[in-house]
$ cat input-v8.pdb   # PDB, C-alpha atoms
ATOM      1  CA  MET A 229    -162.919  61.592  44.214
ATOM      2  CA  SER A 230    -164.610  58.300  43.539
ATOM      3  CA  LEU A 231    -162.760  55.465  41.874
ATOM      4  CA  LEU A 232    -165.007  55.738  38.851
ATOM      5  CA  ASN A 233    -163.864  59.320  38.427
ATOM      6  CA  TYR A 234    -160.281  58.202  38.755
ATOM      7  CA  PHE A 235    -160.695  55.907  35.784
ATOM      8  CA  LYS A 236    -162.277  58.728  33.816
ATOM      9  CA  THR A 237    -159.584  61.266  34.521
ATOM     10  CA  THR A 238    -156.608  59.023  33.924
ATOM     11  CA  LYS A 239    -157.599  57.022  30.887
ATOM     12  CA  PRO A 240    -155.610  57.632  27.731
ATOM     13  CA  ASN A 241    -157.306  58.716  24.534
ATOM     14  CA  SER A 242    -158.542  55.280  23.581
ATOM     15  CA  ALA A 243    -160.204  56.526  20.389
ATOM     16  CA  LYS A 244    -156.866  57.734  19.146
ATOM     17  CA  LEU A 245    -155.019  54.609  20.196
ATOM     18  CA  ALA A 246    -157.752  52.318  18.851
ATOM     19  CA  LYS A 247    -156.758  49.784  21.478
ATOM     20  CA  GLU A 248    -159.190  48.144  23.798
ATOM     21  CA  ARG A 249    -158.106  47.547  27.332
ATOM     22  CA  LEU A 250    -159.566  45.809  30.309
ATOM     23  CA  GLN A 251    -158.330  46.727  33.743
ATOM     24  CA  ILE A 252    -159.221  44.846  36.895
ATOM     25  CA  LEU A 253    -158.311  45.918  40.389
ATOM     26  CA  VAL A 254    -158.877  43.989  43.570
ATOM     27  CA  ALA A 255    -158.114  45.579  46.925
ATOM     28  CA  HIS A 256    -158.474  43.667  50.151
ATOM     29  CA  GLU A 257    -158.288  45.667  53.353
ATOM     30  CA  ARG A 258    -157.381  43.394  56.198
ATOM     31  CA  SER A 259    -157.897  43.931  59.867
ATOM     32  CA  SER A 260    -155.077  41.531  60.643
ATOM     33  CA  ARG A 261    -152.263  39.779  58.818
ATOM     34  CA  ASN A 262    -153.095  36.408  60.353
ATOM     35  CA  GLN A 263    -154.957  35.211  57.322
ATOM     36  CA  PRO A 264    -153.852  33.406  54.226
ATOM     37  CA  SER A 265    -154.032  35.445  51.066
ATOM     38  CA  TYR A 266    -156.408  34.182  48.452
ATOM     39  CA  LEU A 267    -155.674  36.879  45.898
ATOM     40  CA  PRO A 268    -153.171  34.829  43.865
ATOM     41  CA  ALA A 269    -155.715  32.023  43.486
ATOM     42  CA  LEU A 270    -158.456  34.543  42.837
ATOM     43  CA  GLN A 271    -156.365  36.059  40.065
ATOM     44  CA  GLN A 272    -156.319  32.772  38.158
ATOM     45  CA  GLU A 273    -160.050  32.341  38.493
ATOM     46  CA  LEU A 274    -160.760  35.902  37.446
ATOM     47  CA  LEU A 275    -158.783  35.381  34.260
ATOM     48  CA  GLN A 276    -160.653  32.162  33.557
ATOM     49  CA  VAL A 277    -163.983  33.933  33.957
ATOM     50  CA  ILE A 278    -162.948  36.781  31.663
ATOM     51  CA  GLN A 279    -161.774  34.335  29.028
ATOM     52  CA  LYS A 280    -165.315  33.057  28.759
ATOM     53  CA  TYR A 281    -166.270  36.438  27.325
ATOM     54  CA  ILE A 282    -163.232  37.567  25.406
ATOM     55  CA  GLN A 283    -160.216  35.980  23.833
ATOM     56  CA  ILE A 284    -157.077  37.003  25.712
ATOM     57  CA  ASP A 285    -153.520  36.593  24.568
ATOM     58  CA  GLN A 286    -151.425  35.512  27.567
ATOM     59  CA  ASP A 287    -148.710  37.937  26.463
ATOM     60  CA  ALA A 288    -151.213  40.791  26.707
ATOM     61  CA  ILE A 289    -151.750  40.373  30.449
ATOM     62  CA  SER A 290    -149.690  42.240  32.994
ATOM     63  CA  VAL A 291    -150.141  41.527  36.672
ATOM     64  CA  HIS A 292    -149.067  43.571  39.678
ATOM     65  CA  PHE A 293    -149.480  42.361  43.217
ATOM     66  CA  ASP A 294    -148.736  44.464  46.241
ATOM     67  CA  SER A 295    -149.126  43.830  49.943
ATOM     68  CA  ASP A 296    -148.541  45.717  53.146
ATOM     69  CA  ASP A 297    -149.736  45.458  56.743
ATOM     70  CA  GLU A 298    -153.229  46.664  56.017
ATOM     71  CA  GLN A 299    -153.980  45.957  52.415
ATOM     72  CA  GLU A 300    -153.349  43.677  49.494
ATOM     73  CA  THR A 301    -153.904  44.842  45.955
ATOM     74  CA  LEU A 302    -154.026  42.926  42.726
ATOM     75  CA  GLU A 303    -153.979  44.766  39.405
ATOM     76  CA  LEU A 304    -154.565  43.094  36.050
ATOM     77  CA  ASN A 305    -154.059  45.043  32.836
ATOM     78  CA  ILE A 306    -155.142  43.334  29.644
ATOM     79  CA  VAL A 307    -154.753  44.644  26.103
ATOM     80  CA  LEU A 308    -157.647  43.190  24.141
ATOM     81  CA  PRO A 309    -157.431  41.919  20.600
ATOM     82  CA  GLU A 310    -158.631  44.318  17.917
ATOM     83  CA  PRO A 311    -162.368  43.890  17.386
ATOM     84  CA  PRO A 312    -163.488  42.947  13.887
ATOM     85  CA  GLN A 313    -164.161  46.064  11.821
ATOM     86  CA  SER A 314    -167.796  46.363  10.780
TER      87      SER A 314
ATOM     88  CA  MET B 136    -150.046  58.131  40.224
ATOM     89  CA  SER B 137    -150.594  54.450  39.722
ATOM     90  CA  LEU B 138    -153.855  52.822  40.657
ATOM     91  CA  LEU B 139    -152.143  50.891  43.419
ATOM     92  CA  ASN B 140    -151.101  54.195  44.959
ATOM     93  CA  TYR B 141    -154.649  55.439  44.654
ATOM     94  CA  PHE B 142    -155.830  52.575  46.815
ATOM     95  CA  LYS B 143    -153.122  53.319  49.337
ATOM     96  CA  THR B 144    -153.827  57.013  49.639
ATOM     97  CA  THR B 145    -157.594  56.817  49.839
ATOM     98  CA  LYS B 146    -158.185  53.861  52.105
ATOM     99  CA  PRO B 147    -159.734  54.583  55.468
ATOM    100  CA  ASN B 148    -157.997  53.582  58.663
ATOM    101  CA  SER B 149    -158.996  49.945  58.522
ATOM    102  CA  ALA B 150    -157.234  49.062  61.760
ATOM    103  CA  LYS B 151    -159.388  51.555  63.598
ATOM    104  CA  LEU B 152    -162.581  50.454  61.884
ATOM    105  CA  ALA B 153    -161.740  46.753  62.280
ATOM    106  CA  LYS B 154    -163.739  46.119  59.142
ATOM    107  CA  GLU B 155    -162.493  44.105  56.247
ATOM    108  CA  ARG B 156    -163.382  45.264  52.797
ATOM    109  CA  LEU B 157    -162.912  43.904  49.338
ATOM    110  CA  GLN B 158    -163.106  46.274  46.416
ATOM    111  CA  ILE B 159    -163.166  45.184  42.801
ATOM    112  CA  LEU B 160    -162.989  47.498  39.849
ATOM    113  CA  VAL B 161    -163.328  46.569  36.218
ATOM    114  CA  ALA B 162    -162.747  49.185  33.532
ATOM    115  CA  HIS B 163    -163.247  48.400  29.872
ATOM    116  CA  GLU B 164    -161.963  50.949  27.388
ATOM    117  CA  ARG B 165    -163.722  50.482  24.100
ATOM    118  CA  SER B 166    -162.662  51.654  20.679
ATOM    119  CA  SER B 167    -166.282  51.613  19.533
ATOM    120  CA  ARG B 168    -169.722  51.365  21.054
ATOM    121  CA  ASN B 169    -170.875  48.734  18.579
ATOM    122  CA  GLN B 170    -170.320  45.899  20.973
ATOM    123  CA  PRO B 171    -172.538  44.279  23.528
ATOM    124  CA  SER B 172    -171.485  44.867  27.109
ATOM    125  CA  TYR B 173    -170.512  41.785  29.041
ATOM    126  CA  LEU B 174    -169.778  43.582  32.293
ATOM    127  CA  PRO B 175    -173.189  42.866  33.894
ATOM    128  CA  ALA B 176    -172.756  39.145  33.247
ATOM    129  CA  LEU B 177    -169.132  39.333  34.327
ATOM    130  CA  GLN B 178    -170.224  40.935  37.583
ATOM    131  CA  GLN B 179    -172.321  37.903  38.499
ATOM    132  CA  GLU B 180    -169.490  35.508  37.724
ATOM    133  CA  LEU B 181    -166.962  37.568  39.660
ATOM    134  CA  LEU B 182    -169.161  37.412  42.737
ATOM    135  CA  GLN B 183    -169.551  33.660  42.346
ATOM    136  CA  VAL B 184    -165.783  33.228  42.154
ATOM    137  CA  ILE B 185    -165.198  35.384  45.217
ATOM    138  CA  GLN B 186    -167.779  33.435  47.180
ATOM    139  CA  LYS B 187    -165.661  30.334  46.758
ATOM    140  CA  TYR B 188    -163.085  32.005  48.990
ATOM    141  CA  ILE B 189    -165.087  34.097  51.395
ATOM    142  CA  GLN B 190    -168.586  34.170  52.736
ATOM    143  CA  ILE B 191    -170.376  37.280  51.494
ATOM    144  CA  ASP B 192    -173.619  38.660  52.799
ATOM    145  CA  GLN B 193    -175.679  39.857  49.830
ATOM    146  CA  ASP B 194    -176.607  42.980  51.802
ATOM    147  CA  ALA B 195    -172.930  43.822  52.145
ATOM    148  CA  ILE B 196    -172.369  44.217  48.410
ATOM    149  CA  SER B 197    -172.759  47.556  46.677
ATOM    150  CA  VAL B 198    -172.464  47.760  42.918
ATOM    151  CA  HIS B 199    -171.892  50.786  40.706
ATOM    152  CA  PHE B 200    -171.936  50.602  36.953
ATOM    153  CA  ASP B 201    -171.081  53.495  34.694
ATOM    154  CA  SER B 202    -170.790  53.810  30.946
ATOM    155  CA  ASP B 203    -169.907  56.505  28.451
ATOM    156  CA  ASP B 204    -168.752  56.614  24.845
ATOM    157  CA  GLU B 205    -165.293  55.336  25.558
ATOM    158  CA  GLN B 206    -165.399  53.357  28.754
ATOM    159  CA  GLU B 207    -167.474  51.150  30.972
ATOM    160  CA  THR B 208    -166.675  50.747  34.627
ATOM    161  CA  LEU B 209    -167.950  48.300  37.166
ATOM    162  CA  GLU B 210    -167.243  48.816  40.858
ATOM    163  CA  LEU B 211    -168.026  46.273  43.552
ATOM    164  CA  ASN B 212    -167.604  47.164  47.202
ATOM    165  CA  ILE B 213    -167.980  44.354  49.683
ATOM    166  CA  VAL B 214    -167.874  44.601  53.456
ATOM    167  CA  LEU B 215    -166.534  41.286  54.657
ATOM    168  CA  PRO B 216    -167.756  39.452  57.731
ATOM    169  CA  GLU B 217    -165.660  39.846  60.850
ATOM    170  CA  PRO B 218    -162.894  37.244  60.887
ATOM    171  CA  PRO B 219    -162.850  34.875  63.857
ATOM    172  CA  GLN B 220    -160.716  36.279  66.664
ATOM    173  CA  SER B 221    -157.676  34.129  67.415
TER     174      SER B 221
END

$ encode --input "input-v8.pdb" --output "structure tokens"
Amino acid sequence: MSLLNYFKTTKPNSAKLAKERLQILVAHERSSRNQPSYLPALQQELLQVIQKYIQIDQDAISVHFDSDDEQETLELNIVLPEPPQS
Amino acid sequence: MSLLNYFKTTKPNSAKLAKERLQILVAHERSSRNQPSYLPALQQELLQVIQKYIQIDQDAISVHFDSDDEQETLELNIVLPEPPQS
């Protein structure tokens, strides 16, 4: 199963919820632990880039960071403001 | 299953491969299609941000973009250069 399919099969019924969401995942597979992690810094820059395109309420961002011997993952979940009704 | 678990269960044996990989996924759930997509522009900016931290060979980047009525997804897979052996 590709990751794109994963998103498709697990998304909630967004039409019913009428909420827009943006989800960003970063996974870094490492061959060794002897490297500094740049994911926390990257997280800040990613949010800055996204805020160029859409207005984000800081309260609407949830961040999960996980790390083990082989992989670091960063997950950002953002509930977007309601778009203007046309 | 959370997305973090998905990464954990599907990753290849990176220690055996001795390859570093960075994977970035962006999923945008939309409540309507009447909006311009900013994911292609976002993709370029994401790569620029990442290149501040790591050197990326353009040939090592694969990009997949998918869109349907309710969701757009952007997937970037990057094979990182071998880290210097210590």

$ resolve_selection --input "input-v8.pdb" --expression "the ChimeraX specification (/A :<7) & /B" --output "PyMOL selection string"
chain B and resi 139+149-150+153-166+180-181+184+208

$ atom_distance --input "input-v8.pdb" --atom1 "CA of Asp285 in chain A" --atom2 "CA of Ser202 in chain B"
25.2 Å

$ atom_distance --input "input-v8.pdb" --atom1 "CA of Ala288 in chain A" --atom2 "CA of Gln271 in chain A"
15.1 Å

$ atom_distance --input "input-v8.pdb" --atom1 "CA of Pro216 in chain B" --atom2 "CA of Ile191 in chain B"
7.1 Å
